[in-house]
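Visitor: Next up, work34.txt (compact mmCIF, C-alpha atoms and all ligand atoms).
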# COMPACT_ATOMS: atom_id res chain seq x y z
CA MET A 1 -1.31 -4.34 11.31
CA LYS A 2 -0.73 -0.65 10.64
CA LEU A 3 1.30 0.77 7.78
CA ASN A 4 2.53 4.31 8.29
CA THR A 5 3.76 5.87 5.12
CA ARG A 6 3.81 9.09 3.15
CA ILE A 7 2.01 8.96 -0.20
CA ASN A 8 2.28 11.86 -2.63
CA GLY A 9 3.36 14.18 0.16
CA LYS A 10 0.65 13.24 2.70
CA ASP A 11 0.92 11.00 5.76
CA PHE A 12 -1.19 7.85 5.86
CA SER A 13 -1.77 5.27 8.56
CA LEU A 14 -3.41 2.32 6.85
CA GLU A 15 -4.76 -0.91 8.32
CA ILE A 16 -3.29 -3.76 6.25
CA LYS A 17 -3.06 -7.54 6.28
CA PRO A 18 0.49 -8.79 6.99
CA ASN A 19 0.76 -10.41 3.55
CA ALA A 20 -0.89 -7.57 1.58
CA MET A 21 0.88 -6.43 -1.55
CA LEU A 22 1.50 -2.73 -2.02
CA VAL A 23 -0.46 -2.49 -5.29
CA ASP A 24 -3.65 -3.62 -3.50
CA VAL A 25 -3.09 -1.37 -0.50
CA LEU A 26 -2.53 1.69 -2.70
CA ARG A 27 -5.55 0.98 -4.88
CA GLN A 28 -7.74 0.39 -1.82
CA ALA A 29 -6.51 3.70 -0.42
CA GLY A 30 -7.82 5.37 -3.58
CA PHE A 31 -4.70 5.56 -5.73
CA LYS A 32 -6.31 3.93 -8.75
CA GLY A 33 -3.58 5.28 -11.03
CA VAL A 34 -1.54 2.33 -9.79
CA LYS A 35 -2.52 -0.38 -12.25
CA PHE A 36 -2.57 -4.14 -11.82
CA GLY A 37 -1.30 -6.01 -14.87
CA CYS A 38 0.70 -9.23 -14.67
CA GLY A 39 0.97 -9.44 -10.87
CA GLU A 40 4.44 -10.94 -11.16
CA GLY A 41 6.80 -8.04 -11.70
CA SER A 42 7.14 -8.20 -15.46
CA CYS A 43 4.86 -5.53 -17.02
CA GLY A 44 5.54 -2.38 -14.98
CA ALA A 45 1.88 -1.27 -14.86
CA CYS A 46 1.99 -1.11 -11.06
CA ALA A 47 5.23 0.88 -10.78
CA VAL A 48 5.48 3.51 -8.07
CA MET A 49 8.43 5.38 -6.66
CA ILE A 50 9.55 4.23 -3.21
CA ASN A 51 12.07 6.58 -1.61
CA GLY A 52 12.91 7.91 -5.06
CA LYS A 53 13.38 4.55 -6.79
CA PRO A 54 10.90 2.93 -9.18
CA ARG A 55 9.51 -0.38 -7.87
CA ASN A 56 6.82 -2.76 -9.04
CA SER A 57 4.22 -2.59 -6.29
CA CYS A 58 2.71 -5.98 -7.19
CA ILE A 59 5.82 -7.72 -5.89
CA THR A 60 6.39 -5.38 -2.96
CA VAL A 61 5.01 -6.50 0.39
CA ALA A 62 3.18 -3.49 1.80
CA GLY A 63 4.65 -4.02 5.28
CA SER A 64 8.13 -3.49 3.86
CA VAL A 65 7.47 0.17 3.05
CA GLU A 66 6.84 1.29 6.64
CA GLY A 67 8.03 4.90 6.93
CA ALA A 68 8.77 5.19 3.21
CA GLU A 69 7.95 8.03 0.82
CA ILE A 70 5.78 6.76 -2.03
CA LEU A 71 4.99 8.57 -5.23
CA THR A 72 2.17 7.40 -7.50
CA VAL A 73 1.21 8.93 -10.82
CA GLU A 74 -1.44 11.01 -9.00
CA GLY A 75 1.38 12.79 -7.21
CA MET A 76 3.12 13.79 -10.44
CA GLY A 77 0.51 16.18 -11.77
CA THR A 78 -3.18 16.82 -12.36
CA PRO A 79 -5.23 17.16 -15.55
CA GLU A 80 -5.17 20.93 -14.95
CA LYS A 81 -1.48 21.04 -14.14
CA PRO A 82 0.18 18.03 -15.73
CA HIS A 83 3.81 17.09 -15.09
CA ILE A 84 6.06 17.90 -18.04
CA LEU A 85 6.30 14.16 -18.77
CA GLN A 86 2.53 13.68 -18.70
CA GLN A 87 2.12 16.50 -21.20
CA ALA A 88 4.92 15.10 -23.37
CA PHE A 89 3.29 11.63 -23.43
CA VAL A 90 0.03 13.19 -24.66
CA ASP A 91 1.76 15.42 -27.20
CA ALA A 92 3.80 12.54 -28.64
CA GLY A 93 0.71 10.33 -29.01
CA SER A 94 2.14 7.87 -26.53
CA THR A 95 -1.13 7.22 -24.80
CA GLN A 96 -4.00 5.14 -26.20
CA CYS A 97 -5.78 2.93 -23.67
CA GLY A 98 -3.49 4.54 -21.08
CA TYR A 99 -3.17 1.44 -18.89
CA CYS A 100 0.62 1.36 -19.08
CA ASN A 101 1.08 5.11 -18.75
CA PRO A 102 1.20 5.49 -14.95
CA GLY A 103 3.99 2.94 -14.63
CA SER A 104 5.87 4.28 -17.66
CA LEU A 105 5.60 7.83 -16.31
CA ILE A 106 7.02 6.77 -12.97
CA ALA A 107 9.93 4.99 -14.70
CA ALA A 108 10.50 8.03 -16.92
CA LYS A 109 10.45 10.39 -13.93
CA ALA A 110 12.98 8.23 -12.10
CA LEU A 111 15.23 8.45 -15.17
CA LEU A 112 14.99 12.23 -15.55
CA ASP A 113 15.48 12.75 -11.80
CA SER A 114 18.83 10.95 -12.00
CA ASN A 115 19.78 11.84 -15.58
CA PRO A 116 18.30 15.07 -17.01
CA ASN A 117 20.14 14.53 -20.34
CA PRO A 118 19.25 11.00 -21.38
CA THR A 119 19.99 9.47 -24.78
CA ALA A 120 17.39 7.42 -26.63
CA ASP A 121 19.20 4.29 -25.39
CA ASP A 122 19.03 5.52 -21.78
CA VAL A 123 15.25 5.96 -22.18
CA LYS A 124 14.93 2.51 -23.75
CA ASP A 125 16.82 0.95 -20.84
CA ALA A 126 14.86 2.87 -18.20
CA LEU A 127 11.49 1.88 -19.67
CA ASP A 128 12.53 -1.64 -20.53
CA GLY A 129 10.31 -3.11 -17.83
CA ASN A 130 7.17 -1.18 -18.84
CA LEU A 131 5.15 -3.01 -21.45
CA CYS A 132 2.70 -1.25 -23.77
CA ARG A 133 0.34 -3.12 -26.04
CA CYS A 134 -1.04 -0.08 -27.88
CA THR A 135 1.36 2.60 -29.02
CA GLY A 136 4.59 0.67 -29.38
CA TYR A 137 7.76 2.08 -27.95
CA VAL A 138 9.03 4.76 -30.33
CA LYS A 139 6.55 7.46 -29.33
CA ARG A 140 7.24 7.20 -25.65
CA ILE A 141 11.00 7.45 -26.24
CA ASP A 142 10.27 10.66 -28.18
CA ALA A 143 8.03 11.80 -25.33
CA VAL A 144 10.72 11.37 -22.67
CA LEU A 145 13.39 13.07 -24.81
CA ASN A 146 11.00 15.95 -25.53
CA ALA A 147 10.19 16.25 -21.83
CA ALA A 148 13.90 16.38 -20.99
CA GLU A 149 14.34 19.22 -23.50
CA ALA A 150 11.28 21.05 -22.20
CA ALA A 151 12.50 20.69 -18.60
CA LYS A 152 15.86 22.21 -19.55
CA LYS A 153 14.17 25.18 -21.24
CA THR A 154 11.91 25.73 -18.23
CA LYS A 155 14.95 25.66 -15.93
CA LYS A 156 16.79 28.19 -18.09
CA SER A 157 13.85 30.60 -18.26
CA THR A 158 13.29 30.32 -14.48
CA ARG A 159 16.99 31.07 -13.93
CA GLY A 160 16.73 34.10 -16.21
CA LYS A 161 14.03 35.57 -13.97
CA LYS A 162 16.12 35.38 -10.77
FE1 LIG B 201 3.21 -5.32 -11.38
FE2 LIG B 201 2.89 -6.23 -13.84
S1 LIG B 201 1.36 -5.70 -12.37
S2 LIG B 201 4.75 -5.65 -12.85
FE1 LIG B 202 -2.41 0.92 -23.92
FE2 LIG B 202 0.15 1.34 -23.40
S1 LIG B 202 -1.34 2.81 -24.11
S2 LIG B 202 -0.98 -0.44 -23.01
Can you dump the structure from the file as structure tokens?
Ligand code: FES
Ligand code: FES
Guide:
Amino acid sequence: MKLNTRINGKDFSLEIKPNAMLVDVLRQAGFKGVKFGCGEGSCGACAVMINGKPRNSCITVAGSVEGAEILTVEGMGTPEKPHILQQAFVDAGSTQCGYCNPGSLIAAKALLDSNPNPTADDVKDALDGNLCRCTGYVKRIDAVLNAAEAAKKTKKSTRGKK
């Protein structure tokens, strides 16, 4: 069957098996930033945004996202032009093996999109489903709070130029 969807701002028409899971379809389409961890919805490594909401792609049937807008970590930024959150994760030392980072970044982006002024508890709740075996959880909370601050400053300075 065909899956028509928009991934990171581009249209795709992908040939998929009816029972294919979204994590496999995205990885086969080249979006290797989508990681496979537990395969049962409990580690968050495979998180992507579907129509603006974070979802674990390992428990999402690919056929169910027909017509949806998908964002993977590749769509957030590039090494040359990282998203403010990607830079903040690096600066806070919240990335070691990096396996959890794509999913955590997606969860963090979903939080900041809906709440640009989060508290540490808001960040904890939002990233609750994203496990990390390397850095622990304090640094990434710092990273998200720092990114929120940086985003506010950027907004202010852009406003000042108008
Ligand atoms: Fe999807 Fe763990 S691989 S939640
Ligand atoms: Fe290795 Fe999080 S940085 S699992």
Visitor: Counting only C-alpha atoms and all ligand atoms, what are the residues, protein, DNA or RNA alike, that approach ligand LIG 202 (chain B) to within 12 Å? I want them as a PyMOL selection string.
Guide: chain A and resi 35-37+43-45+89-90+92-105+127+130-140
Visitor: Skipping near chain neighbours, those fewer than 3 positions away, what residues fall within 12 Å of Glu149 in chain A using only C-alpha atoms, listed as a PyMOL selection string?
Guide: chain A and resi 84-85+88+112+116-119+142-146+152-156
Visitor: CA of Leu71 in chain A to CA of Met21 in chain A: how many Å, to one decimal?
Guide: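 For CA of Leu71 in chain A relative to CA of Met21 in chain A, the distance reads 16.0 Å.
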Visitor: State, in Å with one decimal place, the distance from CA of Pro82 in chain A to CA of Ala107 in chain A.
Guide: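 CA of Ala107 in chain A lies at a distance of 16.3 Å from CA of Pro82 in chain A.
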Visitor: Please compute the CA of Ala126 in chain A-CA of Ala108 in chain A distance, one decimal, in Å.
Guide: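 CA of Ala108 in chain A lies 6.9 Å from CA of Ala126 in chain A.
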Visitor: Would you kindly return, as a PDB file with C-alpha atoms, in the frame of the given file, each protein, DNA or RNA residue with an atom no farther than 8 Å from any atom of Asn8 in chain A, considering only C-alpha atoms and excluding same-chain residues fewer than 5 positions away?
Guide:
ATOM      1  CA  GLU A  69       7.950   8.030   0.820  1.00  0.00           C
ATOM      2  CA  ILE A  70       5.780   6.760  -2.030  1.00  0.00           C
ATOM      3  CA  LEU A  71       4.990   8.570  -5.230  1.00  0.00           C
ATOM      4  CA  THR A  72       2.170   7.400  -7.500  1.00  0.00           C
ATOM      5  CA  GLU A  74      -1.440  11.010  -9.000  1.00  0.00           C
ATOM      6  CA  GLY A  75       1.380  12.790  -7.210  1.00  0.00           C
TER       7      GLY A  75
END
